[in-house]
Each structure stands twice: as structure tokens, then as C-alpha cells.
>>> print(open('data-v6.txt').read())   # compact mmCIF, C-alpha atoms
# COMPACT_ATOMS: atom_id res chain seq x y z
CA MET A 21 131.62 153.15 80.97
CA SER A 22 128.23 154.83 81.45
CA THR A 23 126.80 151.64 82.98
CA GLN A 24 129.66 151.50 85.45
CA VAL A 25 129.10 155.16 86.39
CA ASP A 26 125.37 154.46 86.85
CA VAL A 27 126.13 151.49 89.09
CA GLN A 28 128.60 153.53 91.11
CA ALA A 29 126.12 156.39 91.43
CA ASP A 30 123.39 153.99 92.56
CA GLN A 31 125.68 152.40 95.13
CA ALA A 32 126.58 155.83 96.46
CA LEU A 33 122.89 156.80 96.64
CA LYS A 34 122.00 153.63 98.53
CA ALA A 35 124.87 154.22 100.94
CA LYS A 36 123.45 157.69 101.64
CA HIS A 37 120.00 156.19 102.25
CA ARG A 38 121.40 153.63 104.68
CA ALA A 39 123.21 156.37 106.56
CA LEU A 40 120.14 158.65 106.54
CA TRP A 41 117.89 156.12 108.26
CA ALA A 42 120.61 155.17 110.74
CA LEU A 43 120.64 158.76 112.00
CA GLY A 44 118.84 159.56 115.21
CA ASP A 45 116.41 156.97 116.54
CA TYR A 46 113.86 155.90 113.93
CA PRO A 47 112.72 152.96 116.09
CA ALA A 48 111.52 155.56 118.63
CA VAL A 49 109.39 157.14 115.89
CA ALA A 50 108.06 153.71 114.88
CA GLY A 51 107.41 152.62 118.45
CA GLU A 52 106.24 155.81 120.16
CA VAL A 53 104.50 157.72 117.38
CA ILE A 54 103.28 155.48 114.55
CA ALA A 55 103.10 152.05 116.19
CA ALA A 56 99.44 151.61 115.24
CA LEU A 57 100.20 151.68 111.50
CA GLY A 58 101.80 148.25 111.34
CA PRO A 59 98.84 146.38 112.85
CA ALA A 60 96.46 148.40 110.64
CA LEU A 61 98.36 147.30 107.53
CA VAL A 62 98.53 143.67 108.66
CA ALA A 63 94.77 143.67 109.33
CA ALA A 64 94.03 145.21 105.91
CA ALA A 65 96.21 142.57 104.23
CA ASP A 66 94.29 139.83 106.07
CA ILE A 67 97.44 137.97 107.11
CA LYS A 68 96.78 134.31 107.89
CA GLN A 69 98.57 131.54 109.79
CA GLY A 70 101.38 130.01 107.76
CA GLN A 71 101.48 132.60 104.97
CA ARG A 72 104.85 133.63 103.56
CA VAL A 73 105.08 137.40 104.16
CA LEU A 74 107.72 139.90 103.08
CA ASP A 75 107.89 143.30 104.81
CA VAL A 76 109.76 145.61 102.41
CA ALA A 77 111.73 148.54 103.87
CA ALA A 78 110.70 147.05 107.20
CA GLY A 79 112.74 149.31 109.46
CA SER A 80 112.52 147.95 112.98
CA GLY A 81 109.52 145.76 112.15
CA ASN A 82 106.43 147.93 112.52
CA ALA A 83 104.49 145.56 110.21
CA ALA A 84 106.73 142.48 110.42
CA VAL A 85 106.14 141.94 114.14
CA PRO A 86 102.30 141.97 114.04
CA ALA A 87 102.42 139.79 110.91
CA ALA A 88 104.52 137.24 112.79
CA ARG A 89 102.15 137.40 115.75
CA ALA A 90 99.35 136.52 113.32
CA GLY A 91 101.22 133.29 112.59
CA ALA A 92 102.86 134.20 109.28
CA GLN A 93 106.35 133.17 108.18
CA VAL A 94 107.87 136.65 107.97
CA VAL A 95 110.94 138.09 106.31
CA ALA A 96 111.75 141.68 107.30
CA SER A 97 113.95 143.31 104.65
CA ASP A 98 115.56 146.73 104.92
CA LEU A 99 118.53 148.63 103.52
CA THR A 100 119.68 149.77 106.99
CA PRO A 101 121.21 147.03 109.20
CA GLU A 102 120.95 149.16 112.34
CA LEU A 103 117.16 149.24 112.09
CA LEU A 104 116.96 145.50 111.55
CA GLU A 105 119.15 144.86 114.58
CA THR A 106 116.86 146.99 116.76
CA GLY A 107 113.86 145.12 115.39
CA ARG A 108 115.48 141.77 116.12
CA ARG A 109 116.12 142.78 119.74
CA ARG A 110 112.55 144.01 120.20
CA ALA A 111 110.76 141.12 118.48
CA ASP A 112 110.21 139.08 121.66
CA GLY A 113 111.73 135.99 120.10
CA LEU A 114 109.29 135.86 117.20
CA PRO A 115 110.67 133.76 114.30
CA ILE A 116 111.23 136.65 111.88
CA ARG A 117 114.10 136.56 109.37
CA TRP A 118 115.78 139.97 109.47
CA GLU A 119 117.64 140.47 106.19
CA VAL A 120 119.43 143.39 104.57
CA GLY A 121 117.86 144.11 101.20
CA ASP A 122 117.32 146.93 98.73
CA ALA A 123 113.66 147.62 97.90
CA GLU A 124 114.77 148.33 94.32
CA ALA A 125 116.60 144.98 93.98
CA LEU A 126 114.98 142.52 96.37
CA PRO A 127 117.11 139.38 96.85
CA TYR A 128 114.15 137.00 96.47
CA ALA A 129 112.74 134.77 93.77
CA ASP A 130 109.78 135.62 91.56
CA GLY A 131 106.53 134.79 93.34
CA GLU A 132 108.27 133.75 96.56
CA PHE A 133 105.73 135.36 98.94
CA ASP A 134 101.99 135.12 99.53
CA THR A 135 101.84 138.70 100.82
CA VAL A 136 104.16 141.66 100.30
CA LEU A 137 103.80 144.59 102.71
CA SER A 138 105.39 147.97 103.19
CA CYS A 139 104.52 150.39 106.00
CA VAL A 140 105.78 153.93 105.26
CA GLY A 141 108.88 152.22 103.90
CA VAL A 142 109.00 151.57 100.16
CA MET A 143 107.78 155.13 99.61
CA PHE A 144 111.32 156.31 100.43
CA ALA A 145 112.98 154.25 97.69
CA PRO A 146 114.11 156.90 95.20
CA HIS A 147 112.98 155.20 91.98
CA HIS A 148 109.29 154.49 92.37
CA GLN A 149 108.69 152.34 89.31
CA VAL A 150 111.67 150.11 90.02
CA ALA A 151 110.50 149.57 93.60
CA ALA A 152 106.89 148.92 92.55
CA ASP A 153 108.02 146.38 89.97
CA GLU A 154 109.91 144.54 92.70
CA LEU A 155 106.85 144.41 94.98
CA VAL A 156 104.90 142.79 92.15
CA ARG A 157 107.70 140.44 91.09
CA VAL A 158 108.22 138.75 94.45
CA CYS A 159 104.50 138.28 95.13
CA ARG A 160 102.89 135.04 93.88
CA ARG A 161 100.01 135.21 91.43
CA GLY A 162 96.81 135.76 93.38
CA GLY A 163 98.81 136.96 96.38
CA THR A 164 98.37 140.27 98.18
CA ILE A 165 100.35 143.50 97.92
CA ALA A 166 99.52 146.04 100.64
CA VAL A 167 101.27 149.38 101.02
CA LEU A 168 100.70 152.17 103.55
CA SER A 169 102.19 155.58 102.72
CA TRP A 170 101.97 159.18 103.92
CA THR A 171 99.89 161.37 101.59
CA PRO A 172 101.19 164.57 99.96
CA ALA A 173 98.42 166.64 101.58
CA GLY A 174 98.78 165.12 105.05
CA PHE A 175 101.06 166.26 107.85
CA ILE A 176 104.17 164.26 106.93
CA GLY A 177 103.79 165.09 103.24
CA GLN A 178 103.53 168.76 104.16
CA MET A 179 106.52 168.44 106.49
CA PHE A 180 108.64 167.22 103.57
CA ALA A 181 107.36 170.15 101.48
CA VAL A 182 108.39 172.57 104.23
CA MET A 183 111.85 171.00 104.52
CA LYS A 184 112.50 170.82 100.77
CA PRO A 185 113.93 174.36 100.32
CA PHE A 186 116.35 173.71 103.19
CA ALA A 187 117.39 170.17 102.22
CA PRO A 188 120.11 169.01 99.81
CA PRO A 189 118.83 168.69 96.23
CA PRO A 190 117.46 165.21 95.52
CA PRO A 191 119.52 162.85 93.36
CA LEU A 192 118.83 162.88 89.64
CA GLY A 193 115.78 160.74 88.88
CA ALA A 194 114.61 160.45 92.48
CA GLN A 195 110.90 161.01 93.05
CA PRO A 196 109.26 162.59 96.13
CA PRO A 197 108.30 159.96 98.73
CA PRO A 198 104.76 161.29 99.41
CA LEU A 199 103.74 160.50 95.82
CA TRP A 200 103.22 156.96 97.14
CA GLY A 201 100.31 158.48 99.07
CA ASP A 202 98.59 159.49 95.81
CA GLU A 203 96.24 156.67 94.79
CA GLN A 204 96.49 157.32 91.05
CA HIS A 205 100.28 157.39 91.20
CA VAL A 206 100.40 154.00 92.95
CA ARG A 207 97.81 152.49 90.60
CA ALA A 208 99.95 153.60 87.66
CA LEU A 209 103.11 152.17 89.25
CA LEU A 210 101.54 148.75 89.85
CA GLY A 211 99.77 148.82 86.48
CA ASP A 212 98.48 145.60 85.02
CA GLY A 213 100.63 143.60 87.43
CA VAL A 214 97.77 143.80 89.92
CA ALA A 215 93.98 143.51 90.05
CA GLN A 216 91.21 144.18 92.56
CA VAL A 217 92.81 147.37 93.83
CA GLN A 218 91.28 148.79 97.00
CA ALA A 219 92.45 152.09 98.44
CA VAL A 220 91.41 154.05 101.50
CA THR A 221 92.67 157.33 102.90
CA ALA A 222 92.66 157.54 106.69
CA SER A 223 94.40 159.39 109.51
CA LEU A 224 96.54 158.26 112.38
CA GLU A 225 95.76 160.30 115.48
CA VAL A 226 99.14 161.12 117.00
CA ASP A 227 99.02 161.97 120.71
CA ARG A 228 102.75 161.65 121.47
CA PHE A 229 103.42 165.41 121.57
CA GLY A 230 102.06 168.02 123.96
CA SER A 231 103.18 170.98 121.89
CA ALA A 232 104.63 171.98 118.53
CA GLN A 233 107.97 172.59 120.22
CA GLU A 234 107.98 169.08 121.67
CA PHE A 235 107.28 167.68 118.20
CA LEU A 236 110.16 169.70 116.72
CA THR A 237 112.63 168.63 119.39
CA PHE A 238 111.70 164.97 118.96
CA PHE A 239 111.98 165.00 115.15
CA LYS A 240 115.26 166.95 115.21
CA THR A 241 116.62 164.25 117.52
CA CYS A 242 115.07 161.06 116.13
CA TYR A 243 113.97 161.34 112.49
CA GLY A 244 116.71 160.82 109.90
CA PRO A 245 115.38 163.08 107.09
CA THR A 246 114.87 165.97 109.55
CA ILE A 247 118.31 165.47 111.07
CA ALA A 248 119.92 165.41 107.62
CA THR A 249 118.13 168.60 106.58
CA TYR A 250 119.33 170.45 109.66
CA ARG A 251 122.89 169.20 109.14
CA HIS A 252 122.77 170.57 105.60
CA ILE A 253 122.09 174.11 106.91
CA ALA A 254 124.00 173.84 110.20
CA ALA A 255 126.45 176.59 109.21
CA GLU A 256 123.58 179.00 108.44
CA PRO A 257 121.89 179.96 111.72
CA GLU A 258 119.32 182.19 110.02
CA ARG A 259 118.11 179.29 107.88
CA VAL A 260 118.07 176.98 110.90
CA ALA A 261 115.85 179.47 112.72
CA ALA A 262 113.62 179.83 109.66
CA LEU A 263 113.16 176.07 109.40
CA ASP A 264 112.46 175.83 113.12
CA GLN A 265 109.73 178.41 112.78
CA ALA A 266 108.25 176.86 109.65
CA LEU A 267 108.01 173.40 111.24
CA ILE A 268 106.54 174.78 114.45
CA GLU A 269 103.90 176.68 112.48
CA LEU A 270 103.08 173.55 110.48
CA ALA A 271 102.76 171.43 113.62
CA ARG A 272 100.48 174.02 115.19
CA ARG A 273 98.25 174.03 112.11
CA TYR A 274 97.87 170.28 112.55
CA GLY A 275 96.96 170.57 116.22
CA ALA A 276 100.23 169.81 118.00
CA ASP A 277 99.50 172.27 120.81
CA THR A 278 96.24 170.42 121.53
CA GLY A 279 98.09 167.12 121.98
CA ARG A 280 96.35 165.43 119.04
CA MET A 281 97.53 165.56 115.44
CA PRO A 282 95.91 163.83 112.44
CA TRP A 283 98.55 162.32 110.14
CA GLU A 284 96.94 161.27 106.86
CA TYR A 285 97.96 158.12 104.99
CA LEU A 286 96.88 156.03 102.01
CA LEU A 287 96.43 152.29 102.49
CA LEU A 288 96.29 150.45 99.19
CA ARG A 289 95.73 146.72 98.78
CA ALA A 290 95.79 144.76 95.53
CA SER A 291 95.95 141.20 94.27
CA ARG A 292 98.86 140.06 92.11
CA ALA A 293 97.41 139.53 88.65
>>> encode(input="data-v6.txt", output="C-alpha cells")
Amino acid sequence: MSTQVDVQADQALKAKHRALWALGDYPAVAGEVIAALGPALVAAADIKQGQRVLDVAAGSGNAAVPAARAGAQVVASDLTPELLETGRRRADGLPIRWEVGDAEALPYADGEFDTVLSCVGVMFAPHHQVAADELVRVCRRGGTIAVLSWTPAGFIGQMFAVMKPFAPPPPLGAQPPPLWGDEQHVRALLGDGVAQVQAVTASLEVDRFGSAQEFLTFFKTCYGPTIATYRHIAAEPERVAALDQALIELARRYGADTGRMPWEYLLLRASRA
């Protein structure tokens, strides 16, 4: 009975995640704000012609598209069909397989891929160890695992910290997404399944917004986690105003009113042991 309850709870959680990322317009975030991250990850992974590449939690293909342009045979896997459909439409006819898949239960064989990527994607899977084990499992021995994630101390990590008191409580056992931006956390997750780990912390310079208010309006309209947080407090105008102010202050601290914001990320690459 307990196993059945666990399965049902997991299915419900995954349904919530699918719905969360279908809110708003995440492809606008991927295309207008963080487009440079996908090519940066593909370059760091040293994608070559003919390689079999899996982009986990691919969204609308931020990493899958540049990997395909590099000549790889790419599968873009994501829990949210709406994002995959947008990616398919925007892929300029590139031969990418767009497939619905759960990062915590990838529907692929052991060692099926030469390179496994995730660009600010797998970090949002609730059970970090389960997701990390899947990244390792589907990568061939000697293959490459490369993951790019927002750091806890960077802008997006701090944005989640600001939203936390206003958001619904996380599901039991779920871990905070920005932990994937902590090098030691990711090293521990991958464990002895990998070798030759290389990690670098860098910043994406975001110039999409001319002011903190413009940032707030865009994220309240386009970014699923922000939309869901505001829906949670929609009946409490004082809390809505408080969150508005907190996010505007955060954006200003990171330079939004200057038109340039540094968004810190961790890029970690390893070889499958």
C-alpha cells in the first residue's frame, strides 16, 4: 500500500511540475534572456559531429539546438510537452528527436549516449540524487556529462530565496534547485560514477531589462515558478505587494536599473567513469 501511495504522490508531483513549466512563456526566457547559456554548455562539452547527445530537461532546446548544429545526433527530453513543441517549431528543421521524459526516470538504455547535457534544467528535478544517477546511467563509459545550473549565491538563486516565504511549501523530500549550483553538492551527487571533474563558476550578463520593474513584469508574465508563487498569494494583496517590492529591490541590487545584470552559474563537466 505504501508503495502505491508513493507512486501516486510522485505522479501527482510530476503533474504539478509539468503544469508549472507550461505556465507563462518559458521559451521567451530561454530565447530572450538566457539564450547564450546553451551554446556555452555545448562548447564546454566539446560536442562533435556524429555524437549521440541527450539534453535532459531540455525545455525548448536551449542546448539541444546548438548541439544539433554542431552535427550531433540529439535527443531533447523534457517533462513538459508544451516546451518541446515550441522547441520543435523553432528548431529550423534540425533533426532533433523531441521526447517527453522524466529526468528522474529517463526512458533510455544504460550507456546509450556519448554526451549527456542539462542547461538550467535537471536542477529543477525535485530529487537530486535520483536525477544525478540517471545522468550517469544513460551516459556511456568514458562519455561526457555536462551540467549548467544557477548558483545559490547568484541572482536566480537569490530570487528563489526571496520567493520562498511566499511560495507553497515544497513537497516532502524535494531539494532546492540552486543546490545544483554548489560544486561540492554536485560532486557528491555524481560520486564515483564520474572522473576528471572540471567546474567553473561564471556569470551571464543579462541585458534584456532596462529597469527592475521591467524585469518584474517579464518574470511575472513568463516564468513559471514566479507565476505559481504569485498565484499562491493572489488573495492576499499585502503579500503580493511585499513580494513585488522584495523582487524589485533584489533586481536593483543586481544592476537591473543599469540595464546589465550578472546572473551567476556553475558549469560542471565530468567523464563517465
>>> atom_distance(input="data-v6.txt", atom1="CA of Gln218 in chain A", atom2="CA of Arg292 in chain A")
12.6 Å
>>> closest_residue(input="data-v6.txt", among="A:Phe133, A:Leu270, A:Ala87, A:Pro257", to="Gly174 in chain A", atoms="only C-alpha atoms")
A:Leu270
>>> closest_residue(input="data-v6.txt", among="A:Ala152, A:Ala187, A:Val226, A:Ala65", to="Ala254 in chain A", atoms="only C-alpha atoms")
A:Ala187
>>> atom_distance(input="data-v6.txt", atom1="CA of Ala39 in chain A", atom2="CA of Gly141 in chain A")
15.2 Å
>>> closest_residue(input="data-v6.txt", among="A:Gly244, A:Pro101, A:Pro189, A:Pro146", to="Ala123 in chain A", atoms="all atoms listed in the file")
A:Pro146
>>> residues_around(input="data-v6.txt", residues="range 126-131 of chain A", least_positions_apart="6", cutoff="10 Å", atoms="all atoms listed in the file", output="ChimeraX atom specification")
/A:74,76,97-98,119-120,151,154-163,292
>>> closest_residue(input="data-v6.txt", among="A:Val49, A:Leu267, A:Ala145, A:Leu61", to="Met179 in chain A", atoms="all atoms listed in the file")
A:Leu267
>>> residues_around(input="data-v6.txt", residues="Pro190 in chain A", least_positions_apart="2", cutoff="12 Å", atoms="only C-alpha atoms", output="list in words")
Leu33, Lys36, His37, Phe144, Pro146, His147, Lys184, Pro185, Phe186, Ala187, Pro188, Leu192, Gly193, Ala194, Gln195, Pro196, Pro197, Pro245 and Thr249 of chain A
>>> closest_residue(input="data-v6.txt", among="A:Gly213, A:Gly113, A:Gly230, A:Pro47", to="Gly279 in chain A", atoms="all atoms listed in the file")
A:Gly230
>>> atom_distance(input="data-v6.txt", atom1="CA of Gln265 in chain A", atom2="CA of Tyr250 in chain A")
12.9 Å
>>> axis_aligned_box(input="data-v6.txt", around="range 239-253 of chain A", padding_each_side="6 Å", output="AutoDock Vina command-line options")
--center_x 117.4 --center_y 167.5 --center_z 111.6 --size_x 22.9 --size_y 25.3 --size_z 23.9
>>> residues_around(input="data-v6.txt", residues="Trp283 in chain A", least_positions_apart="2", cutoff="9 Å", atoms="all atoms listed in the file", output="list in words")
Trp170, Thr171, Gly174, Phe175, Ile176, Ala222, Ser223, Leu224, Glu225, Val226, Tyr274, Met281 and Tyr285 of chain A
>>> closest_residue(input="data-v6.txt", among="A:Leu168, A:Ala290, A:Ala255, A:Ala232", to="Leu199 in chain A", atoms="all atoms listed in the file")
A:Leu168
>>> residues_around(input="data-v6.txt", residues="Leu99 in chain A", least_positions_apart="5", cutoff="9 Å", atoms="all atoms listed in the file", output="number ranges by chain")
A: 34-35, 37-38, 41, 77-79, 104, 119-123
>>> build_atoms(input="data-v6.txt", residues="range 39-50 of chain A", atoms="N, CA, C and O atoms", output="tab-separated table (two decimals), keeping the file's coordinate frame")
chain	number	residue	atom	x	y	z
A	39	ALA	N	122.73	155.47	105.53
A	39	ALA	CA	123.21	156.37	106.56
A	39	ALA	C	122.11	157.29	107.07
A	39	ALA	O	122.02	157.58	108.27
A	40	LEU	N	121.23	157.74	106.16
A	40	LEU	CA	120.14	158.65	106.54
A	40	LEU	C	119.24	158.01	107.59
A	40	LEU	O	118.92	158.63	108.62
A	41	TRP	N	118.84	156.76	107.34
A	41	TRP	CA	117.89	156.12	108.26
A	41	TRP	C	118.57	155.57	109.50
A	41	TRP	O	117.88	155.18	110.46
A	42	ALA	N	119.89	155.55	109.52
A	42	ALA	CA	120.61	155.17	110.74
A	42	ALA	C	120.79	156.36	111.67
A	42	ALA	O	121.14	156.19	112.84
A	43	LEU	N	120.54	157.58	111.15
A	43	LEU	CA	120.64	158.76	112.00
A	43	LEU	C	119.55	158.77	113.06
A	43	LEU	O	118.45	158.27	112.85
A	44	GLY	N	119.87	159.35	114.20
A	44	GLY	CA	118.84	159.56	115.21
A	44	GLY	C	118.34	158.25	115.79
A	44	GLY	O	119.11	157.33	116.09
A	45	ASP	N	117.01	158.14	115.90
A	45	ASP	CA	116.41	156.97	116.54
A	45	ASP	C	115.06	156.69	115.86
A	45	ASP	O	114.00	156.92	116.45
A	46	TYR	N	115.12	156.17	114.61
A	46	TYR	CA	113.86	155.90	113.93
A	46	TYR	C	112.99	154.88	114.67
A	46	TYR	O	111.76	155.02	114.69
A	47	PRO	N	113.58	153.86	115.33
A	47	PRO	CA	112.72	152.96	116.09
A	47	PRO	C	111.87	153.67	117.15
A	47	PRO	O	110.78	153.19	117.48
A	48	ALA	N	112.35	154.80	117.68
A	48	ALA	CA	111.52	155.56	118.63
A	48	ALA	C	110.31	156.16	117.92
A	48	ALA	O	109.20	156.20	118.47
A	49	VAL	N	110.52	156.63	116.69
A	49	VAL	CA	109.39	157.14	115.89
A	49	VAL	C	108.40	156.00	115.64
A	49	VAL	O	107.18	156.14	115.84
A	50	ALA	N	108.92	154.85	115.20
A	50	ALA	CA	108.06	153.71	114.88
A	50	ALA	C	107.31	153.20	116.11
A	50	ALA	O	106.15	152.82	116.02
